[in-house]
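Since the structure comes first, as structure tokens, the remarks are kept for the end.
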Amino acid sequence: MDRTRDRLQAVLEALPRAAIVQSGDAHVVAVNRRFIELFGLAGVDHSPGAPLGPVVEEVAGRFAVRPDPIGARSTALAARRVHRAAEFPLADGRIIRRETAPLYDADGRPFGTLWTAEDVTEAKRREHALHRDNAALAELARRRNEFLATASHNLRTPLTSVLSFCDLLADPASGPLGPEQREFLAAIRRNAERMASVITALLEAAAVRDPRHRLEFGTVDVPAMVEHAVLDRMPTLTAAGVFTVLRCRPGPPLHGDAHRLAQVLDNLLENAAKFTPPGGRVEIDAAADDDTWRIEVADTGIGVPEQYREEIFSGFVRAPNAEHGGYPGTGLGLAFSRDIVRRHGGELTVSGTPGRGAVFTLRVPTGGPGPQDAENGTDPR
């Protein structure tokens, strides 16, 4: 018995938590040093065979809210053959997590209970701080989206007037224009259209990031969607002087929002045309890998430096070679695209070699988003 008790004591001392073993008749079998220190039991008889009641009373006296009745509860827990866990605040401000588990002999008969406890005060503080920070970030995101939507709406109205007057001035019925006047008018229209496209991107980003916004899920014919996206963007690719190759193998239908996924492809193709010099090459490759559709858009353009391959998806961030190379853009397209893909339960990444091209890889599960995405209001199923 002494050898068995010594071994049990050694096991309890090796545990990372405070621990005490009680017998079925509510007596102390063994207790480790951490338990004694955690609850200040130095002045209480906790030797093997001592009644459990005084120990429980001393522990309960340190609770912020004293459990009642202690004796009945401890006896009932000892008799129950279940594992229990709970967190209790102490009077000194600490938070203790306590767990109880029944113990069985070789024949499967319960003979006692193992109680373990640990101080989780710091963990709970970090958890509360994280919740607080998340709430603050969510509020900032809401305000940002409201600002973007309001600012974009207020800018779109005067821009519409500017474009309308450009059309009126260009109409021969308004009178002849000289060569210099036509150049000025073309510059006005070109910059107004660029501003309009920026406003559209801002509105799209605000709409997609709004938690109230729901995607319209349905059956997506991926090969047809990819082909249509390439054909729609072909005038831009041709005007950029790049050679376009499309490879799309047959595969199963995908459960997703065809319109939003097509917008993602359109953004990737527009970037490929923008950042690839004339004479370059853009390749689109789509195939189903098991239960996932993989779509790659590769180009021979300026590429993305490795240290910026995550930042460019965060919004309003552009890699230095794009920022300083005279390429227009807001840095919103990729952030918008990754948001859409992730709300489908997929991922959008970039690889390649700076100066030799970029490869954007889109992976989306054929069955649509998982349960976590559905909980966030992604999938109306």
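In the structure tokens, the first chain shown is A, the next is B, and so on; residue numbers restart at 1 for each chain, and ligands run from 1 in the order shown.
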Report as a ChimeraX atom specification all protein, DNA and RNA residues lying within 10 Å of Thr292 in chain A, evaluated on only C-alpha atoms, omitting residues in the same chain fewer than 5 positions from it. /A:251-252,254,287,346,362-368
Requested write-out: all heavy atoms of the selected residues, as a short mmCIF file (atom, residue, chain, number, x, y, z; two decimals), in the first residue's frame:
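The result, stored in out37.cif:
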data_model
loop_
_atom_site.label_atom_id
_atom_site.label_comp_id
_atom_site.auth_asym_id
_atom_site.auth_seq_id
_atom_site.Cartn_x
_atom_site.Cartn_y
_atom_site.Cartn_z
N GLY A 251 -15.09 19.13 -65.83
CA GLY A 251 -15.13 18.79 -64.41
C GLY A 251 -16.53 18.94 -63.86
O GLY A 251 -17.45 19.37 -64.57
N PRO A 252 -16.71 18.61 -62.61
CA PRO A 252 -18.04 18.67 -62.00
C PRO A 252 -18.50 20.11 -61.80
O PRO A 252 -17.68 21.03 -61.75
CB PRO A 252 -17.84 17.97 -60.65
CG PRO A 252 -16.39 18.21 -60.32
CD PRO A 252 -15.67 18.15 -61.64
N LEU A 254 -19.84 23.39 -59.81
CA LEU A 254 -19.40 23.97 -58.54
C LEU A 254 -20.58 24.69 -57.89
O LEU A 254 -21.37 25.35 -58.58
CB LEU A 254 -18.25 24.93 -58.78
CG LEU A 254 -17.57 25.62 -57.60
CD1 LEU A 254 -16.09 25.85 -57.91
CD2 LEU A 254 -18.22 26.96 -57.28
N ALA A 287 -8.78 23.23 -63.92
CA ALA A 287 -8.99 21.79 -63.83
C ALA A 287 -9.55 21.46 -62.46
O ALA A 287 -9.33 22.18 -61.49
CB ALA A 287 -7.69 21.02 -64.07
N GLY A 346 -12.75 28.80 -50.21
CA GLY A 346 -11.53 28.54 -50.96
C GLY A 346 -10.41 29.48 -50.57
O GLY A 346 -10.44 30.15 -49.54
N LEU A 362 -6.35 30.11 -57.85
CA LEU A 362 -7.65 30.14 -57.20
C LEU A 362 -8.11 28.70 -56.96
O LEU A 362 -8.17 27.91 -57.90
CB LEU A 362 -8.65 30.88 -58.09
CG LEU A 362 -10.14 30.75 -57.83
CD1 LEU A 362 -10.48 31.40 -56.52
CD2 LEU A 362 -10.93 31.39 -58.96
N ARG A 363 -8.38 28.36 -55.70
CA ARG A 363 -8.89 27.02 -55.36
C ARG A 363 -10.22 27.16 -54.63
O ARG A 363 -10.29 27.85 -53.61
CB ARG A 363 -7.88 26.26 -54.49
CG ARG A 363 -6.62 25.84 -55.23
CD ARG A 363 -5.70 25.00 -54.35
NE ARG A 363 -4.56 24.48 -55.07
CZ ARG A 363 -3.42 25.15 -55.24
NH1 ARG A 363 -3.30 26.35 -54.70
NH2 ARG A 363 -2.43 24.62 -55.92
N VAL A 364 -11.25 26.50 -55.15
CA VAL A 364 -12.58 26.57 -54.56
C VAL A 364 -13.16 25.17 -54.47
O VAL A 364 -13.14 24.43 -55.47
CB VAL A 364 -13.52 27.47 -55.40
CG1 VAL A 364 -14.91 27.52 -54.78
CG2 VAL A 364 -12.95 28.87 -55.53
N PRO A 365 -13.67 24.76 -53.30
CA PRO A 365 -14.28 23.43 -53.19
C PRO A 365 -15.55 23.35 -54.03
O PRO A 365 -16.35 24.28 -54.06
CB PRO A 365 -14.58 23.30 -51.69
CG PRO A 365 -14.64 24.69 -51.18
CD PRO A 365 -13.68 25.48 -52.01
N THR A 366 -15.75 22.22 -54.70
CA THR A 366 -16.91 22.07 -55.57
C THR A 366 -18.21 22.10 -54.79
O THR A 366 -19.24 22.54 -55.30
CB THR A 366 -16.82 20.74 -56.35
OG1 THR A 366 -16.68 19.66 -55.41
CG2 THR A 366 -15.62 20.74 -57.28
N GLY A 367 -18.17 21.64 -53.52
CA GLY A 367 -19.39 21.59 -52.72
C GLY A 367 -19.76 22.91 -52.07
O GLY A 367 -20.77 22.98 -51.36
N GLY A 368 -18.97 23.96 -52.29
CA GLY A 368 -19.26 25.24 -51.68
C GLY A 368 -18.60 25.39 -50.32
O GLY A 368 -17.78 24.57 -49.91
#
| request: Go through range 78-226 of chain A and collect every residue that DSSP, computed from the backbone, puts in strand (DSSP E); the answer should be as a list in words. | output: Arg84, Ala85, Ala86, Glu87, Phe88, Pro89, Ile95, Ile96, Arg97, Arg98, Glu99, Thr100, Ala101, Pro102, Leu103, Tyr104, Pro110, Phe111, Gly112, Thr113, Leu114, Trp115, Thr116, Ala117, Glu118, Asp119, Gly218, Thr219 and Val220 of chain A
Store the residues of this selection in a file with N, CA, C and O atoms, as a tab-separated table (two decimals), in the first residue's frame.
chain	number	residue	atom	x	y	z
A	84	ARG	N	-16.41	16.21	-15.35
A	84	ARG	CA	-16.98	17.54	-15.26
A	84	ARG	C	-15.88	18.59	-15.28
A	84	ARG	O	-14.78	18.35	-14.79
A	85	ALA	N	-16.22	19.75	-15.82
A	85	ALA	CA	-15.28	20.87	-15.86
A	85	ALA	C	-16.05	22.15	-15.59
A	85	ALA	O	-17.20	22.30	-16.03
A	86	ALA	N	-15.44	23.07	-14.88
A	86	ALA	CA	-16.08	24.35	-14.57
A	86	ALA	C	-15.01	25.38	-14.24
A	86	ALA	O	-13.87	25.03	-13.90
A	87	GLU	N	-15.37	26.65	-14.38
A	87	GLU	CA	-14.47	27.75	-14.02
A	87	GLU	C	-15.10	28.55	-12.89
A	87	GLU	O	-16.30	28.84	-12.93
A	88	PHE	N	-14.26	28.90	-11.89
A	88	PHE	CA	-14.75	29.62	-10.72
A	88	PHE	C	-13.86	30.82	-10.44
A	88	PHE	O	-12.63	30.69	-10.43
A	89	PRO	N	-14.44	31.99	-10.20
A	89	PRO	CA	-13.64	33.14	-9.77
A	89	PRO	C	-13.35	33.04	-8.28
A	89	PRO	O	-14.23	32.66	-7.48
A	95	ILE	N	-9.00	33.33	-11.52
A	95	ILE	CA	-10.02	32.45	-12.08
A	95	ILE	C	-9.42	31.05	-12.16
A	95	ILE	O	-8.33	30.86	-12.72
A	96	ILE	N	-10.11	30.08	-11.60
A	96	ILE	CA	-9.62	28.71	-11.52
A	96	ILE	C	-10.50	27.81	-12.40
A	96	ILE	O	-11.74	27.89	-12.34
A	97	ARG	N	-9.85	26.99	-13.18
A	97	ARG	CA	-10.57	25.97	-13.94
A	97	ARG	C	-10.40	24.64	-13.21
A	97	ARG	O	-9.28	24.18	-13.00
A	98	ARG	N	-11.52	24.04	-12.84
A	98	ARG	CA	-11.51	22.79	-12.10
A	98	ARG	C	-12.13	21.68	-12.93
A	98	ARG	O	-13.15	21.88	-13.60
A	99	GLU	N	-11.51	20.52	-12.89
A	99	GLU	CA	-12.04	19.35	-13.59
A	99	GLU	C	-12.08	18.17	-12.63
A	99	GLU	O	-11.20	18.02	-11.78
A	100	THR	N	-13.12	17.38	-12.75
A	100	THR	CA	-13.23	16.15	-11.95
A	100	THR	C	-13.44	14.98	-12.88
A	100	THR	O	-14.16	15.09	-13.89
A	101	ALA	N	-12.81	13.86	-12.57
A	101	ALA	CA	-12.94	12.65	-13.38
A	101	ALA	C	-13.02	11.44	-12.46
A	101	ALA	O	-12.24	11.33	-11.51
A	102	PRO	N	-13.95	10.53	-12.71
A	102	PRO	CA	-14.06	9.33	-11.87
A	102	PRO	C	-12.89	8.39	-12.11
A	102	PRO	O	-12.32	8.34	-13.21
A	103	LEU	N	-12.51	7.66	-11.07
A	103	LEU	CA	-11.44	6.67	-11.15
A	103	LEU	C	-12.03	5.28	-10.96
A	103	LEU	O	-12.94	5.09	-10.14
A	104	TYR	N	-11.50	4.31	-11.72
A	104	TYR	CA	-12.02	2.95	-11.69
A	104	TYR	C	-10.89	1.97	-11.38
A	104	TYR	O	-9.73	2.19	-11.76
A	110	PRO	N	-15.94	2.03	-9.70
A	110	PRO	CA	-15.43	3.34	-9.27
A	110	PRO	C	-14.94	3.28	-7.83
A	110	PRO	O	-15.60	2.68	-6.98
A	111	PHE	N	-13.79	3.88	-7.59
A	111	PHE	CA	-13.26	3.87	-6.22
A	111	PHE	C	-12.89	5.27	-5.73
A	111	PHE	O	-12.45	5.44	-4.60
A	112	GLY	N	-13.09	6.28	-6.56
A	112	GLY	CA	-12.74	7.62	-6.14
A	112	GLY	C	-12.84	8.62	-7.28
A	112	GLY	O	-13.36	8.31	-8.36
A	113	THR	N	-12.30	9.81	-7.05
A	113	THR	CA	-12.38	10.89	-8.03
A	113	THR	C	-11.05	11.65	-8.06
A	113	THR	O	-10.44	11.89	-7.01
A	114	LEU	N	-10.64	12.01	-9.24
A	114	LEU	CA	-9.46	12.87	-9.42
A	114	LEU	C	-9.94	14.29	-9.69
A	114	LEU	O	-10.72	14.54	-10.61
A	115	TRP	N	-9.48	15.22	-8.84
A	115	TRP	CA	-9.77	16.63	-9.02
A	115	TRP	C	-8.50	17.33	-9.48
A	115	TRP	O	-7.45	17.15	-8.90
A	116	THR	N	-8.61	18.11	-10.55
A	116	THR	CA	-7.47	18.91	-11.00
A	116	THR	C	-7.92	20.37	-11.11
A	116	THR	O	-9.10	20.65	-11.35
A	117	ALA	N	-6.98	21.26	-10.94
A	117	ALA	CA	-7.29	22.69	-11.00
A	117	ALA	C	-6.09	23.44	-11.56
A	117	ALA	O	-4.94	23.02	-11.39
A	118	GLU	N	-6.35	24.54	-12.26
A	118	GLU	CA	-5.28	25.40	-12.77
A	118	GLU	C	-5.74	26.84	-12.78
A	118	GLU	O	-6.93	27.14	-12.92
A	119	ASP	N	-4.79	27.72	-12.64
A	119	ASP	CA	-5.06	29.15	-12.65
A	119	ASP	C	-5.11	29.62	-14.12
A	119	ASP	O	-4.09	29.58	-14.81
A	218	GLY	N	-25.52	29.01	-56.39
A	218	GLY	CA	-26.23	28.16	-57.33
A	218	GLY	C	-25.23	27.22	-58.00
A	218	GLY	O	-24.07	27.12	-57.59
A	219	THR	N	-25.67	26.55	-59.04
A	219	THR	CA	-24.80	25.63	-59.78
A	219	THR	C	-23.98	26.41	-60.80
A	219	THR	O	-24.54	27.16	-61.62
A	220	VAL	N	-22.67	26.25	-60.75
A	220	VAL	CA	-21.76	26.99	-61.64
A	220	VAL	C	-21.09	26.03	-62.59
A	220	VAL	O	-20.43	25.06	-62.17
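In terms of minimum interatomic distance to Ala262 in chain A, A:Arg233 ranks closest within A:His46, A:Arg318, A:Arg233, A:His131, counting only C-alpha atoms.
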Please extract the residues of range 59-205 of chain A with a backbone DSSP assignment of helix (DSSP H, G or I) and present them as a JSON list (two decimals) with C-alpha atoms, in the first residue's frame.
[["chain", "number", "residue", "atom", "x", "y", "z"],
["A", 59, "VAL", "CA", -11.07, 25.64, -0.96],
["A", 60, "ALA", "CA", -14.69, 26.84, -1.01],
["A", 70, "ILE", "CA", -20.28, 21.82, -0.13],
["A", 71, "GLY", "CA", -20.49, 18.41, 1.54],
["A", 72, "ALA", "CA", -23.48, 17.20, -0.42],
["A", 73, "ARG", "CA", -22.02, 18.39, -3.68],
["A", 74, "SER", "CA", -18.62, 16.76, -3.12],
["A", 75, "THR", "CA", -20.24, 13.46, -2.16],
["A", 76, "ALA", "CA", -22.56, 13.59, -5.17],
["A", 77, "LEU", "CA", -19.70, 14.34, -7.55],
["A", 78, "ALA", "CA", -17.71, 11.49, -6.12],
["A", 79, "ALA", "CA", -20.55, 9.12, -6.82],
["A", 121, "THR", "CA", -6.57, 34.10, -14.99],
["A", 122, "GLU", "CA", -4.05, 35.30, -17.58],
["A", 123, "ALA", "CA", -5.59, 33.16, -20.30],
["A", 124, "LYS", "CA", -9.04, 34.61, -19.57],
["A", 125, "ARG", "CA", -7.63, 38.13, -19.58],
["A", 126, "ARG", "CA", -6.05, 37.54, -22.98],
["A", 127, "GLU", "CA", -9.30, 36.03, -24.20],
["A", 128, "HIS", "CA", -11.31, 39.03, -23.02],
["A", 129, "ALA", "CA", -8.75, 41.39, -24.56],
["A", 130, "LEU", "CA", -9.00, 39.51, -27.85],
["A", 131, "HIS", "CA", -12.79, 39.73, -27.84],
["A", 132, "ARG", "CA", -12.55, 43.43, -27.07],
["A", 133, "ASP", "CA", -10.05, 44.03, -29.87],
["A", 134, "ASN", "CA", -12.14, 41.99, -32.32],
["A", 135, "ALA", "CA", -15.20, 44.04, -31.45],
["A", 136, "ALA", "CA", -13.24, 47.26, -31.95],
["A", 137, "LEU", "CA", -11.93, 46.05, -35.32],
["A", 138, "ALA", "CA", -15.42, 45.03, -36.40],
["A", 139, "GLU", "CA", -16.70, 48.51, -35.52],
["A", 140, "LEU", "CA", -13.84, 50.14, -37.43],
["A", 141, "ALA", "CA", -14.58, 47.93, -40.44],
["A", 142, "ARG", "CA", -18.26, 48.90, -40.27],
["A", 143, "ARG", "CA", -17.39, 52.61, -40.15],
["A", 144, "ARG", "CA", -14.90, 52.19, -42.99],
["A", 145, "ASN", "CA", -17.50, 50.51, -45.18],
["A", 146, "GLU", "CA", -20.04, 53.21, -44.38],
["A", 147, "PHE", "CA", -17.50, 55.90, -45.25],
["A", 148, "LEU", "CA", -16.54, 54.21, -48.52],
["A", 149, "ALA", "CA", -20.16, 53.79, -49.52],
["A", 150, "THR", "CA", -21.06, 57.40, -48.66],
["A", 151, "ALA", "CA", -17.97, 58.92, -50.25],
["A", 152, "SER", "CA", -18.32, 56.83, -53.39],
["A", 153, "HIS", "CA", -21.99, 57.72, -53.75],
["A", 154, "ASN", "CA", -21.29, 61.43, -53.32],
["A", 155, "LEU", "CA", -18.48, 61.31, -55.89],
["A", 156, "ARG", "CA", -20.40, 59.29, -58.45],
["A", 157, "THR", "CA", -23.10, 61.92, -58.95],
["A", 158, "PRO", "CA", -20.80, 64.77, -60.08],
["A", 159, "LEU", "CA", -18.74, 62.34, -62.16],
["A", 160, "THR", "CA", -21.86, 61.30, -64.02],
["A", 161, "SER", "CA", -22.44, 64.98, -64.87],
["A", 162, "VAL", "CA", -18.83, 65.36, -66.05],
["A", 163, "LEU", "CA", -19.15, 62.37, -68.38],
["A", 164, "SER", "CA", -22.53, 63.57, -69.65],
["A", 165, "PHE", "CA", -21.14, 67.01, -70.52],
["A", 166, "CYS", "CA", -18.19, 65.32, -72.23],
["A", 167, "ASP", "CA", -20.67, 63.52, -74.46],
["A", 168, "LEU", "CA", -22.52, 66.77, -75.14],
["A", 169, "LEU", "CA", -19.33, 68.62, -76.04],
["A", 170, "ALA", "CA", -18.20, 65.78, -78.30],
["A", 172, "PRO", "CA", -21.10, 67.71, -83.49],
["A", 173, "ALA", "CA", -24.42, 69.42, -82.80],
["A", 174, "SER", "CA", -22.70, 71.37, -80.01],
["A", 179, "PRO", "CA", -7.63, 69.36, -82.35],
["A", 180, "GLU", "CA", -6.38, 70.77, -79.07],
["A", 181, "GLN", "CA", -9.90, 70.98, -77.65],
["A", 182, "ARG", "CA", -10.58, 67.36, -78.61],
["A", 183, "GLU", "CA", -7.39, 66.31, -76.80],
["A", 184, "PHE", "CA", -8.46, 68.21, -73.68],
["A", 185, "LEU", "CA", -11.92, 66.65, -73.83],
["A", 186, "ALA", "CA", -10.43, 63.17, -74.28],
["A", 187, "ALA", "CA", -8.21, 63.72, -71.24],
["A", 188, "ILE", "CA", -11.21, 64.84, -69.19],
["A", 189, "ARG", "CA", -13.22, 61.77, -70.21],
["A", 190, "ARG", "CA", -10.29, 59.40, -69.68],
["A", 191, "ASN", "CA", -9.65, 60.62, -66.15],
["A", 192, "ALA", "CA", -13.35, 60.78, -65.29],
["A", 193, "GLU", "CA", -13.77, 57.18, -66.42],
["A", 194, "ARG", "CA", -10.76, 56.18, -64.34],
["A", 195, "MET", "CA", -12.28, 57.86, -61.29],
["A", 196, "ALA", "CA", -15.57, 56.12, -61.99],
["A", 197, "SER", "CA", -13.82, 52.75, -62.08],
["A", 198, "VAL", "CA", -12.13, 53.53, -58.74],
["A", 199, "ILE", "CA", -15.50, 54.43, -57.23],
["A", 200, "THR", "CA", -16.99, 51.19, -58.54],
["A", 201, "ALA", "CA", -14.13, 49.25, -56.92],
["A", 202, "LEU", "CA", -14.69, 51.05, -53.62],
["A", 203, "LEU", "CA", -18.40, 50.28, -53.68],
["A", 204, "GLU", "CA", -17.77, 46.63, -54.53],
["A", 205, "ALA", "CA", -15.26, 46.29, -51.71]]
From CA of Phe313 in chain A to CA of Pro253 in chain A the spacing works out at 27.2 Å
All residues 12 Å or closer to Ala258 in chain A, only C-alpha atoms, same chain fewer than 6 positions away omitted, as a PyMOL selection string | chain A and resi 215-226+228-229+264-265+340-341+344+368
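The gap separating CA of Asp339 in chain A from CA of Tyr308 in chain A is 17.6 Å, in Å to one decimal.
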From the list A:Val120, A:Val11, A:Val304, A:Ala286, the nearest residue to Pro250 in chain A using only C-alpha atoms is A:Ala286
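Of note, CA of Ile284 in chain A and CA of Gln307 in chain A are spaced 24.6 Å apart.
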| field | Selection near Arg309 in chain A, 9 Å with only C-alpha atoms, sequence-local residues under 4 positions removed, as a PyMOL selection string | value | chain A and resi 304-305+313+319+349-351
For the selection you just gave me, I'd like the residues written to a file as a PDB file, in the first residue's frame, keeping C-alpha atoms.
ATOM      1  CA  VAL A 304       5.084  40.184 -57.239  1.00  0.00           C
ATOM      2  CA  PRO A 305       8.010  40.415 -54.769  1.00  0.00           C
ATOM      3  CA  PHE A 313      -4.502  41.047 -50.593  1.00  0.00           C
ATOM      4  CA  ALA A 319       3.771  46.119 -54.405  1.00  0.00           C
ATOM      5  CA  THR A 349      -2.665  32.891 -53.569  1.00  0.00           C
ATOM      6  CA  VAL A 350       0.123  34.245 -55.735  1.00  0.00           C
ATOM      7  CA  SER A 351       3.520  32.860 -56.692  1.00  0.00           C
TER       8      SER A 351
END
**Asked** What's the 12 Å shell around Gly315 in chain A, counting only C-alpha atoms, without same-chain residues fewer than 4 positions away, as JSON, numbers by chain?
**Response** {"A": [201, 202, 205, 206, 209, 310, 311, 319, 329, 330, 331, 332, 333, 334, 335, 336, 337, 338, 339]}
Residue with the minimum atom-to-atom distance to Thr361 in chain A, picked from A:Ser314, A:Ala14, A:Glu306, A:Ile295 with only C-alpha atoms counted, is A:Ile295
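Distance check against Arg260 in chain A using only C-alpha atoms: of A:Gly280, A:Ala30, A:Glu57, A:Arg343, the minimum falls on A:Arg343.
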